[in-house]
file model_13.pdb (PDB, C-alpha atoms)
ATOM      1  CA  PHE G 970     -68.262 -22.976 -70.259
ATOM      2  CA  SER G 971     -70.285 -21.155 -72.792
ATOM      3  CA  GLN G 972     -68.644 -19.549 -75.803
ATOM      4  CA  THR G 973     -68.823 -16.155 -74.040
ATOM      5  CA  GLU G 974     -66.947 -17.475 -70.992
ATOM      6  CA  LEU G 975     -63.964 -18.798 -72.915
ATOM      7  CA  PRO G 976     -60.706 -17.125 -71.918
ATOM      8  CA  ALA G 977     -58.083 -15.649 -74.225
ATOM      9  CA  GLU G 978     -58.467 -15.970 -77.968
ATOM     10  CA  GLY G 979     -56.729 -19.028 -79.242
ATOM     11  CA  CYS G 980     -57.158 -21.135 -76.106
ATOM     12  CA  THR G 981     -58.055 -24.753 -76.735
ATOM     13  CA  LEU G 982     -59.041 -27.333 -74.180
ATOM     14  CA  ALA G 983     -57.261 -30.617 -74.870
ATOM     15  CA  LEU G 984     -58.751 -33.670 -73.176
ATOM     16  CA  TYR G 985     -56.578 -36.774 -72.920
ATOM     17  CA  GLY G 986     -57.498 -40.395 -72.317
ATOM     18  CA  SER G 987     -60.590 -42.308 -73.229
ATOM     19  CA  GLY G 988     -63.472 -43.753 -71.347
ATOM     20  CA  SER G 989     -67.162 -44.365 -71.173
ATOM     21  CA  GLN G 990     -68.015 -40.633 -71.010
ATOM     22  CA  LYS G 991     -66.279 -39.610 -74.240
ATOM     23  CA  ALA G 992     -69.352 -39.772 -76.507
ATOM     24  CA  SER G 993     -71.503 -37.775 -74.086
ATOM     25  CA  LEU G 994     -68.741 -35.183 -73.712
ATOM     26  CA  GLU G 995     -68.432 -34.871 -77.483
ATOM     27  CA  ARG G 996     -72.203 -34.295 -77.713
ATOM     28  CA  LEU G 997     -72.045 -31.689 -74.952
ATOM     29  CA  VAL G 998     -69.215 -29.843 -76.701
ATOM     30  CA  ALA G 999     -71.266 -29.787 -79.916
ATOM     31  CA  GLU G1000     -74.425 -28.629 -78.094
ATOM     32  CA  LEU G1001     -72.497 -25.759 -76.483
ATOM     33  CA  GLY G1002     -70.990 -24.739 -79.812
ATOM     34  CA  LEU G1003     -67.450 -25.352 -78.584
ATOM     35  CA  ASN G1004     -66.200 -27.704 -81.310
ATOM     36  CA  GLY G1005     -63.343 -25.391 -82.255
ATOM     37  CA  ALA G1006     -62.308 -24.858 -78.638
ATOM     38  CA  VAL G1007     -62.120 -28.487 -77.436
ATOM     39  CA  ARG G1008     -59.967 -31.324 -78.761
ATOM     40  CA  PHE G1009     -60.325 -34.969 -77.734
ATOM     41  CA  GLU G1010     -56.786 -36.319 -77.962
ATOM     42  CA  GLY G1011     -57.275 -39.858 -76.645
ATOM     43  CA  PHE G1012     -54.395 -41.750 -75.062
ATOM     44  CA  VAL G1013     -50.937 -40.293 -75.714
ATOM     45  CA  ASP G1014     -47.434 -41.560 -74.989
ATOM     46  CA  ASP G1015     -45.810 -38.121 -74.714
ATOM     47  CA  LYS G1016     -47.865 -36.821 -71.774
ATOM     48  CA  PHE G1017     -45.081 -34.778 -70.178
ATOM     49  CA  GLU G1018     -44.085 -33.097 -73.425
ATOM     50  CA  ARG G1019     -47.695 -32.039 -73.947
ATOM     51  CA  ILE G1020     -47.899 -30.716 -70.380
ATOM     52  CA  ARG G1021     -44.661 -28.801 -70.941
ATOM     53  CA  ARG G1022     -46.044 -27.146 -74.114
ATOM     54  CA  ALA G1023     -49.405 -26.273 -72.540
ATOM     55  CA  ARG G1024     -50.170 -22.718 -71.518
ATOM     56  CA  ALA G1025     -51.803 -24.109 -68.351
ATOM     57  CA  ARG G1026     -52.839 -27.337 -66.644
ATOM     58  CA  VAL G1027     -56.320 -27.167 -65.166
ATOM     59  CA  LEU G1028     -57.778 -29.232 -62.345
ATOM     60  CA  PRO G1029     -61.444 -28.148 -61.985
ATOM     61  CA  SER G1030     -62.358 -30.844 -59.443
ATOM     62  CA  LYS G1031     -65.339 -30.731 -57.131
ATOM     63  CA  ARG G1032     -63.488 -33.169 -54.852
ATOM     64  CA  GLU G1033     -59.876 -34.242 -54.932
ATOM     65  CA  GLY G1034     -57.853 -36.616 -52.793
ATOM     66  CA  PHE G1035     -54.505 -35.535 -54.145
ATOM     67  CA  GLY G1036     -53.675 -33.576 -57.277
ATOM     68  CA  THR G1037     -50.935 -35.621 -58.910
ATOM     69  CA  VAL G1038     -51.623 -33.861 -62.224
ATOM     70  CA  VAL G1039     -50.959 -30.547 -60.490
ATOM     71  CA  LEU G1040     -47.576 -31.759 -59.235
ATOM     72  CA  GLU G1041     -46.674 -33.090 -62.678
ATOM     73  CA  ALA G1042     -47.287 -29.669 -64.192
ATOM     74  CA  MET G1043     -45.502 -27.832 -61.374
ATOM     75  CA  ALA G1044     -42.483 -30.142 -61.690
ATOM     76  CA  ILE G1045     -41.931 -29.096 -65.304
ATOM     77  CA  GLY G1046     -42.891 -25.442 -64.915
ATOM     78  CA  THR G1047     -46.348 -25.403 -66.489
ATOM     79  CA  PRO G1048     -48.740 -22.942 -64.804
ATOM     80  CA  VAL G1049     -51.685 -24.491 -62.966
ATOM     81  CA  VAL G1050     -55.251 -23.418 -62.308
ATOM     82  CA  VAL G1051     -57.044 -25.403 -59.612
ATOM     83  CA  SER G1052     -60.475 -25.303 -58.061
ATOM     84  CA  ASP G1053     -60.709 -24.657 -54.356
ATOM     85  CA  CYS G1054     -62.193 -28.058 -53.568
ATOM     86  CA  GLU G1055     -61.736 -29.939 -50.347
ATOM     87  CA  TYR G1056     -58.250 -31.337 -49.845
ATOM     88  CA  GLY G1057     -55.209 -31.230 -52.038
ATOM     89  CA  PRO G1058     -54.991 -28.611 -54.753
ATOM     90  CA  ARG G1059     -55.022 -25.462 -52.584
ATOM     91  CA  GLU G1060     -52.323 -26.948 -50.369
ATOM     92  CA  LEU G1061     -50.173 -28.007 -53.324
ATOM     93  CA  VAL G1062     -50.153 -24.489 -54.786
ATOM     94  CA  MET G1063     -49.680 -22.996 -51.311
ATOM     95  CA  GLY G1064     -52.941 -21.089 -51.232
ATOM     96  CA  GLY G1065     -52.367 -19.497 -54.629
ATOM     97  CA  ARG G1066     -48.699 -18.515 -54.346
ATOM     98  CA  LEU G1067     -47.615 -21.214 -56.830
ATOM     99  CA  GLY G1068     -50.736 -21.487 -58.963
ATOM    100  CA  THR G1069     -54.122 -19.900 -59.482
ATOM    101  CA  VAL G1070     -56.961 -21.026 -57.205
ATOM    102  CA  VAL G1071     -60.561 -20.462 -58.347
ATOM    103  CA  ARG G1072     -63.984 -21.047 -56.840
ATOM    104  CA  THR G1073     -65.184 -24.631 -57.240
ATOM    105  CA  GLY G1074     -68.054 -25.232 -59.661
ATOM    106  CA  CYS G1075     -67.956 -21.744 -61.171
ATOM    107  CA  PRO G1076     -67.163 -21.676 -64.900
ATOM    108  CA  SER G1077     -66.743 -17.895 -64.964
ATOM    109  CA  ALA G1078     -64.185 -18.051 -62.114
ATOM    110  CA  LEU G1079     -62.323 -20.790 -63.987
ATOM    111  CA  ALA G1080     -62.373 -18.672 -67.156
ATOM    112  CA  ARG G1081     -60.981 -15.682 -65.221
ATOM    113  CA  GLY G1082     -58.248 -17.905 -63.751
ATOM    114  CA  LEU G1083     -57.272 -19.124 -67.200
ATOM    115  CA  GLU G1084     -57.325 -15.573 -68.499
ATOM    116  CA  GLU G1085     -54.997 -14.532 -65.683
ATOM    117  CA  VAL G1086     -52.540 -17.333 -66.410
ATOM    118  CA  THR G1087     -52.545 -16.879 -70.181
ATOM    119  CA  SER G1088     -52.408 -13.079 -70.131
ATOM    120  CA  GLU G1089     -49.655 -12.822 -67.497
ATOM    121  CA  PRO G1090     -46.942 -15.268 -68.638
ATOM    122  CA  GLY G1091     -44.292 -13.329 -66.709
ATOM    123  CA  ARG G1092     -46.071 -13.985 -63.428
ATOM    124  CA  ALA G1093     -46.364 -17.684 -64.293
ATOM    125  CA  ARG G1094     -42.626 -17.831 -65.053
ATOM    126  CA  ASP G1095     -41.889 -16.131 -61.729
ATOM    127  CA  ARG G1096     -43.809 -18.877 -59.937
ATOM    128  CA  ALA G1097     -42.236 -21.714 -61.942
ATOM    129  CA  ASP G1098     -39.000 -22.140 -59.965
ATOM    130  CA  ALA G1099     -40.793 -22.175 -56.617
ATOM    131  CA  ALA G1100     -43.415 -24.552 -58.037
ATOM    132  CA  ARG G1101     -40.700 -26.939 -59.257
ATOM    133  CA  GLU G1102     -39.114 -26.894 -55.813
ATOM    134  CA  ARG G1103     -42.489 -27.596 -54.180
ATOM    135  CA  ALA G1104     -43.074 -30.544 -56.528
ATOM    136  CA  ARG G1105     -39.681 -32.029 -55.600
ATOM    137  CA  ARG G1106     -40.990 -32.404 -52.058
ATOM    138  CA  TYR G1107     -43.279 -35.134 -53.396
ATOM    139  CA  ASP G1108     -40.655 -37.058 -55.389
ATOM    140  CA  VAL G1109     -41.562 -40.752 -55.257
ATOM    141  CA  ARG G1110     -38.121 -41.784 -53.992
ATOM    142  CA  LYS G1111     -38.244 -39.228 -51.178
ATOM    143  CA  ILE G1112     -41.776 -40.214 -50.170
ATOM    144  CA  ALA G1113     -40.867 -43.927 -50.248
ATOM    145  CA  ARG G1114     -37.957 -43.279 -47.862
ATOM    146  CA  GLU G1115     -40.272 -41.334 -45.538
ATOM    147  CA  TYR G1116     -42.822 -44.171 -45.533
ATOM    148  CA  GLU G1117     -40.081 -46.701 -44.873
ATOM    149  CA  ALA G1118     -38.753 -44.647 -41.964
ATOM    150  CA  ALA G1119     -42.251 -44.274 -40.517
ATOM    151  CA  PHE G1120     -42.939 -48.014 -40.693
ATOM    152  CA  LEU G1121     -39.550 -49.002 -39.288
ATOM    153  CA  THR G1122     -39.912 -46.704 -36.283
ATOM    154  CA  ALA G1123     -43.531 -47.627 -35.516
TER
END
call {"tool": "encode", "arguments": {"input": "model_13.pdb", "output": "C-alpha cells"}}
result
Amino acid sequence: FSQTELPAEGCTLALYGSGSQKASLERLVAELGLNGAVRFEGFVDDKFERIRRARARVLPSKREGFGTVVLEAMAIGTPVVVSDCEYGPRELVMGGRLGTVVRTGCPSALARGLEEVTSEPGRARDRADAARERARRYDVRKIAREYEAAFLTA
C-alpha cells in the first residue's frame, strides 16, 4: 500500500508473530511512510480476542493451501477479506457470499475490499451467522471423525 491507498481513516494494520523478515518489513513500512498505520505486535497469547475485536481479518496471499486464519475469523464473526489466489480462500467464503474476495496482488483492490468491510458493518454482521455456520463445517472433531471413517472404510 501507499499512504493514498489506505482504506478508512483510523485503520491500522496489526502484524502478529515474529520471524526473520520483521526488520525488513519495519524498514519497508518506514520507507512507505506508513509508521502510524502499521503495528508490529509480536507473539500474543490472546489471539482470538484480538481477532474478535478486529474490524477485519485479511489474507492477501498469492498462494494458499488452506486458509485456517480465515476460518478462525469466520468462526467468531470477524469479517474477512481474502485474495482470489489459487485454492482455499474463495471456497471458504463461498465465492464472496461470506467474505470479501479481491484480486490477488493488487493493493488498490485490497484497499477497496477493506473499505467495503469497514464502511458497511451492517453487511458484515449479516454475513456473520452464515460464516460461523460455514466455519463449523471444519471443526477439528468433525474432520477427525470424517478422516477416521474414510480410513476405516478404505
call {"tool": "residues_around", "arguments": {"input": "model_13.pdb", "residues": "Glu1085 (chain G)", "least_positions_apart": "6", "cutoff": "12 Å", "atoms": "all atoms listed in the file", "output": "VMD selection string"}}
result
chain G and resid 976 to 977 1024 to 1025 1048 to 1050 1068 to 1071 1078 to 1079 1091 to 1093
call {"tool": "write_last_selection", "arguments": {"input": "model_13.pdb", "atoms": "C-alpha atoms", "output": "mmCIF file, keeping the file's coordinate frame"}}
result
data_model
loop_
_atom_site.group_PDB
_atom_site.id
_atom_site.type_symbol
_atom_site.label_atom_id
_atom_site.label_comp_id
_atom_site.auth_asym_id
_atom_site.auth_seq_id
_atom_site.Cartn_x
_atom_site.Cartn_y
_atom_site.Cartn_z
ATOM 1 C CA PRO G 976 -60.706 -17.125 -71.918
ATOM 2 C CA ALA G 977 -58.083 -15.649 -74.225
ATOM 3 C CA ARG G 1024 -50.170 -22.718 -71.518
ATOM 4 C CA ALA G 1025 -51.803 -24.109 -68.351
ATOM 5 C CA PRO G 1048 -48.740 -22.942 -64.804
ATOM 6 C CA VAL G 1049 -51.685 -24.491 -62.966
ATOM 7 C CA VAL G 1050 -55.251 -23.418 -62.308
ATOM 8 C CA GLY G 1068 -50.736 -21.487 -58.963
ATOM 9 C CA THR G 1069 -54.122 -19.900 -59.482
ATOM 10 C CA VAL G 1070 -56.961 -21.026 -57.205
ATOM 11 C CA VAL G 1071 -60.561 -20.462 -58.347
ATOM 12 C CA ALA G 1078 -64.185 -18.051 -62.114
ATOM 13 C CA LEU G 1079 -62.323 -20.790 -63.987
ATOM 14 C CA GLY G 1091 -44.292 -13.329 -66.709
ATOM 15 C CA ARG G 1092 -46.071 -13.985 -63.428
ATOM 16 C CA ALA G 1093 -46.364 -17.684 -64.293
#
call {"tool": "atom_distance", "arguments": {"input": "model_13.pdb", "atom1": "CA of Gly1036 (chain G)", "atom2": "CA of Thr1073 (chain G)"}}
result
14.6 Å
call {"tool": "closest_residue", "arguments": {"input": "model_13.pdb", "among": "G:Ala999, G:Leu1121, G:Val1062, G:Cys1075", "to": "Ala1100 (chain G)", "atoms": "all atoms listed in the file"}}
result
G:Val1062
call {"tool": "atom_distance", "arguments": {"input": "model_13.pdb", "atom1": "CA of Ala1119 (chain G)", "atom2": "CA of Glu1033 (chain G)"}}
result
24.9 Å
call {"tool": "atom_distance", "arguments": {"input": "model_13.pdb", "atom1": "CA of Asp1098 (chain G)", "atom2": "CA of Val1013 (chain G)"}}
result
26.8 Å
call {"tool": "resolve_selection", "arguments": {"input": "model_13.pdb", "expression": "the PyMOL selection byres ((chain G and resi 1103-1112) around 10)", "output": "PyMOL selection string"}}
result
chain G and resi 1037+1039-1046+1061-1063+1067+1097-1102+1113-1118
call {"tool": "residues_around", "arguments": {"input": "model_13.pdb", "residues": "region 982-988 of chain G", "least_positions_apart": "5", "cutoff": "8 Å", "atoms": "only C-alpha atoms", "output": "list of chain:residue names"}}
result
G:Ala1006, G:Val1007, G:Arg1008, G:Phe1009, G:Glu1010, G:Gly1011, G:Phe1012, G:Val1013
call {"tool": "closest_residue", "arguments": {"input": "model_13.pdb", "among": "G:Arg996, G:Lys1016, G:Arg1066, G:Arg1072", "to": "Pro1029 (chain G)", "atoms": "only C-alpha atoms"}}
result
G:Arg1072
call {"tool": "closest_residue", "arguments": {"input": "model_13.pdb", "among": "G:Gly1057, G:Val998, G:Leu1083, G:Ser1088", "to": "Val1027 (chain G)", "atoms": "all atoms listed in the file"}}
result
G:Leu1083
call {"tool": "resolve_selection", "arguments": {"input": "model_13.pdb", "expression": "the PyMOL selection byres ((chain G and resi 1055) around 8)", "output": "number ranges by chain"}}
result
G: 1031-1033, 1053-1054, 1056-1057
call {"tool": "axis_aligned_box", "arguments": {"input": "model_13.pdb", "around": "region 1078-1085 of chain G", "padding_each_side": "4 Å", "output": "AutoDock Vina command-line options"}}
result
--center_x -59.6 --center_y -17.7 --center_z -65.3 --size_x 17.2 --size_y 14.3 --size_z 14.4
call {"tool": "closest_residue", "arguments": {"input": "model_13.pdb", "among": "G:Gly1064, G:Thr1122, G:Asp1095, G:Ser1052", "to": "Ala1080 (chain G)", "atoms": "all atoms listed in the file"}}
result
G:Ser1052
call {"tool": "build_atoms", "arguments": {"input": "model_13.pdb", "residues": "region 1081-1092 of chain G", "atoms": "N, CA, C and O atoms", "output": "PDB file, keeping the file's coordinate frame"}}
result
ATOM      1  N   ARG G1081     -61.825 -16.796 -65.677  1.00  0.00           N
ATOM      2  CA  ARG G1081     -60.981 -15.682 -65.221  1.00  0.00           C
ATOM      3  C   ARG G1081     -59.596 -16.176 -64.804  1.00  0.00           C
ATOM      4  O   ARG G1081     -58.593 -15.522 -65.071  1.00  0.00           O
ATOM      5  N   GLY G1082     -59.537 -17.335 -64.137  1.00  0.00           N
ATOM      6  CA  GLY G1082     -58.248 -17.905 -63.751  1.00  0.00           C
ATOM      7  C   GLY G1082     -57.397 -18.241 -64.950  1.00  0.00           C
ATOM      8  O   GLY G1082     -56.185 -17.971 -64.970  1.00  0.00           O
ATOM      9  N   LEU G1083     -58.013 -18.819 -65.963  1.00  0.00           N
ATOM     10  CA  LEU G1083     -57.272 -19.124 -67.200  1.00  0.00           C
ATOM     11  C   LEU G1083     -56.821 -17.854 -67.902  1.00  0.00           C
ATOM     12  O   LEU G1083     -55.714 -17.786 -68.430  1.00  0.00           O
ATOM     13  N   GLU G1084     -57.685 -16.857 -67.894  1.00  0.00           N
ATOM     14  CA  GLU G1084     -57.325 -15.573 -68.499  1.00  0.00           C
ATOM     15  C   GLU G1084     -56.119 -14.973 -67.782  1.00  0.00           C
ATOM     16  O   GLU G1084     -55.183 -14.480 -68.416  1.00  0.00           O
ATOM     17  N   GLU G1085     -56.124 -15.053 -66.469  1.00  0.00           N
ATOM     18  CA  GLU G1085     -54.997 -14.532 -65.683  1.00  0.00           C
ATOM     19  C   GLU G1085     -53.697 -15.236 -66.062  1.00  0.00           C
ATOM     20  O   GLU G1085     -52.678 -14.597 -66.315  1.00  0.00           O
ATOM     21  N   VAL G1086     -53.740 -16.545 -66.114  1.00  0.00           N
ATOM     22  CA  VAL G1086     -52.540 -17.333 -66.410  1.00  0.00           C
ATOM     23  C   VAL G1086     -52.051 -17.077 -67.828  1.00  0.00           C
ATOM     24  O   VAL G1086     -50.850 -16.916 -68.062  1.00  0.00           O
ATOM     25  N   THR G1087     -52.964 -17.029 -68.789  1.00  0.00           N
ATOM     26  CA  THR G1087     -52.545 -16.879 -70.181  1.00  0.00           C
ATOM     27  C   THR G1087     -52.184 -15.443 -70.538  1.00  0.00           C
ATOM     28  O   THR G1087     -51.414 -15.225 -71.467  1.00  0.00           O
ATOM     29  N   SER G1088     -52.709 -14.474 -69.806  1.00  0.00           N
ATOM     30  CA  SER G1088     -52.408 -13.079 -70.131  1.00  0.00           C
ATOM     31  C   SER G1088     -51.229 -12.538 -69.332  1.00  0.00           C
ATOM     32  O   SER G1088     -50.735 -11.452 -69.634  1.00  0.00           O
ATOM     33  N   GLU G1089     -50.780 -13.271 -68.311  1.00  0.00           N
ATOM     34  CA  GLU G1089     -49.655 -12.822 -67.497  1.00  0.00           C
ATOM     35  C   GLU G1089     -48.556 -13.892 -67.464  1.00  0.00           C
ATOM     36  O   GLU G1089     -48.242 -14.433 -66.407  1.00  0.00           O
ATOM     37  N   PRO G1090     -47.958 -14.211 -68.621  1.00  0.00           N
ATOM     38  CA  PRO G1090     -46.942 -15.268 -68.638  1.00  0.00           C
ATOM     39  C   PRO G1090     -45.737 -14.955 -67.765  1.00  0.00           C
ATOM     40  O   PRO G1090     -45.097 -15.859 -67.226  1.00  0.00           O
ATOM     41  N   GLY G1091     -45.419 -13.692 -67.571  1.00  0.00           N
ATOM     42  CA  GLY G1091     -44.292 -13.329 -66.709  1.00  0.00           C
ATOM     43  C   GLY G1091     -44.524 -13.761 -65.279  1.00  0.00           C
ATOM     44  O   GLY G1091     -43.622 -14.283 -64.618  1.00  0.00           O
ATOM     45  N   ARG G1092     -45.734 -13.566 -64.797  1.00  0.00           N
ATOM     46  CA  ARG G1092     -46.071 -13.985 -63.428  1.00  0.00           C
ATOM     47  C   ARG G1092     -45.963 -15.507 -63.298  1.00  0.00           C
ATOM     48  O   ARG G1092     -45.453 -16.022 -62.315  1.00  0.00           O
TER      49      ARG G1092
END
